[in-house]
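Notes follow the structure.
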Amino acid sequence: MRYNRLHVILFLGPILIIVAVLCGMIVWTVAVSMDNWVGMAPVWKFIGFENYATLFKMERFWNAFKNNLIWMVAFIVPSALLGLLLAYGLSLSGRAEALFRPIFLYPLALSFVVTGTLWAWMYDPEAGVINNILKGFGLGNFIQPWIADPKQATYCLIAAAIWQYTGFAMTLYIAAIRDIPIEIFEAAKVDGASALQIFRHIVVPNVTQATMVTIGMLTIFSLKVFDLVWVITFGGPGTSTEVLGFFMFVATYRQAFVGLGAAISVVILILAILVVVPYSWWSMRRMQA
């Protein structure tokens, strides 16, 4: 079948329109970030990079920036690792995989509001499930204030996110493990390889592409996390758990500093580009190697 210009327009037209709209929104956001826009009514008063200068002088901004970096490290690695271990464990479980796989996927089906409400209740220092279980088992010395402690509240949020996204990583790894030829596993078993040796020398090297996709997707989530912070801690105690997305929302809609909020969103975009684009380029090089 020969394709003409009309076919190109029909197939590429919708996606090109969507891309054009998204690019236009980015340009509009950059323009707003360079205006002294305060209040909900548009104020087109060009001030250059003053919003960025103000932002970089704010301790609150750097605290949110630091928390995003903590999310990228403490969330991505455990989620990917647990997903891989679960996927391999299920691949060894035989028929039980059909029973347990949906159980680990259920958290992903929940909205972040539901997840946040559930974990906020569990973390409650007085009536929370976690502390009550510790009391019931006589482990009162391990009772913690959890999200009421500024030093550990961010990690409590990350734990909730790991619980919800591990099933996502597991699904990608299950698909990757199933793509490995069964003959390789059978040959390894004939040679006397243990399950741990098979995991280390066969599974891990052959799921590299799944690892690249998983880390890329988890990275994007860690950069745009907002819902769990909003529901569980609302950025508290104080501003200890704020991330850039939450700070952007507060600056734009709660304090009406629209120009400053746009500047924060541009920073998030730049941070995403600096992290995701080099990683994607490296991943493509690995896939082609």
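In the structure tokens, chains take letters A, B, ... by order of appearance, with residues numbered from 1 within each chain and ligands from 1 in the order shown.
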
### Task
Please provide the set of residues having any atom within 12 Å of Ala53 in chain A, restricted to only C-alpha atoms, with same-chain residues fewer than 5 positions apart removed, written as a count of residues only.
9

### Task
List every residue of range 73-143 of chain A that DSSP, applied to the backbone of this structure, places in helix (DSSP H, G or I), and write the result as a PyMOL selection string.
chain A and resi 73-92+94-109+112-123+129-136+140-142

Please build the interface table for range 49-136 of chain A against range 205-216 of chain A with a cut-off of 10 Å, listing for each qualifying residue the nearest atom pair and the distance in Å to one decimal; count only C-alpha atoms, order rows by chain and increasing number, and write it as JSON lines.
```
{"residue": "A:Met72", "atom": "CA", "partner": "A:Ile215", "partner_atom": "CA", "distance": 9.7}
{"residue": "A:Ile76", "atom": "CA", "partner": "A:Ile215", "partner_atom": "CA", "distance": 6.5}
{"residue": "A:Val77", "atom": "CA", "partner": "A:Ile215", "partner_atom": "CA", "distance": 8.0}
{"residue": "A:Ser79", "atom": "CA", "partner": "A:Ile215", "partner_atom": "CA", "distance": 9.0}
{"residue": "A:Ala80", "atom": "CA", "partner": "A:Thr214", "partner_atom": "CA", "distance": 6.7}
{"residue": "A:Leu81", "atom": "CA", "partner": "A:Thr211", "partner_atom": "CA", "distance": 9.3}
{"residue": "A:Gly83", "atom": "CA", "partner": "A:Thr214", "partner_atom": "CA", "distance": 9.4}
{"residue": "A:Leu84", "atom": "CA", "partner": "A:Thr211", "partner_atom": "CA", "distance": 8.7}
```

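Minimum distance to Ile270 in chain A across A:Phe185, A:Leu6, A:Ile26, A:Gly235 (counting only C-alpha atoms) occurs at A:Ile26.
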
Enumerate, in order of chain and increasing residue number, the residues of range 212-247 of chain A with an atom no farther than 9 Å from range 137-156 of chain A, each with its shortest atom pair and distance in Å to one decimal, counting only C-alpha atoms, as CSV.
```
residue,atom,partner,partner_atom,distance
A:Val229,CA,A:Thr154,CA,8.6
A:Ile232,CA,A:Ile147,CA,8.1
A:Thr233,CA,A:Ile147,CA,7.0
A:Gly236,CA,A:Pro150,CA,7.4
A:Pro237,CA,A:Pro150,CA,5.7
A:Gly238,CA,A:Pro150,CA,7.9
A:Thr239,CA,A:Pro150,CA,8.6
A:Ser240,CA,A:Pro150,CA,5.6
A:Thr241,CA,A:Thr154,CA,5.2
A:Glu242,CA,A:Thr154,CA,8.5
```

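Between CA of Thr219 in chain A and CA of Phe56 in chain A the separation is 23.3 Å.
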
### Query
With only C-alpha atoms as the atoms that count, which of A:Tyr173, A:Phe104, A:Phe65, A:Trp44 lies nearest to Met248 in chain A?
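Among the listed residues, A:Phe65 lies closest to Met248 in chain A.
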
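Neighbours of Ile220 in chain A closer than or equal to 12 Å, with only C-alpha atoms counted and sequence neighbours fewer than 5 positions away skipped, come out as Asn68, Trp71, Met72, Phe75, Ile76, Val213, Thr214, Ile215, Val225, Ile268, Leu269, Leu271, Ala272, Ile273, Leu274, Val275, Val276, Val277, Tyr279 and Ser280 of chain A.
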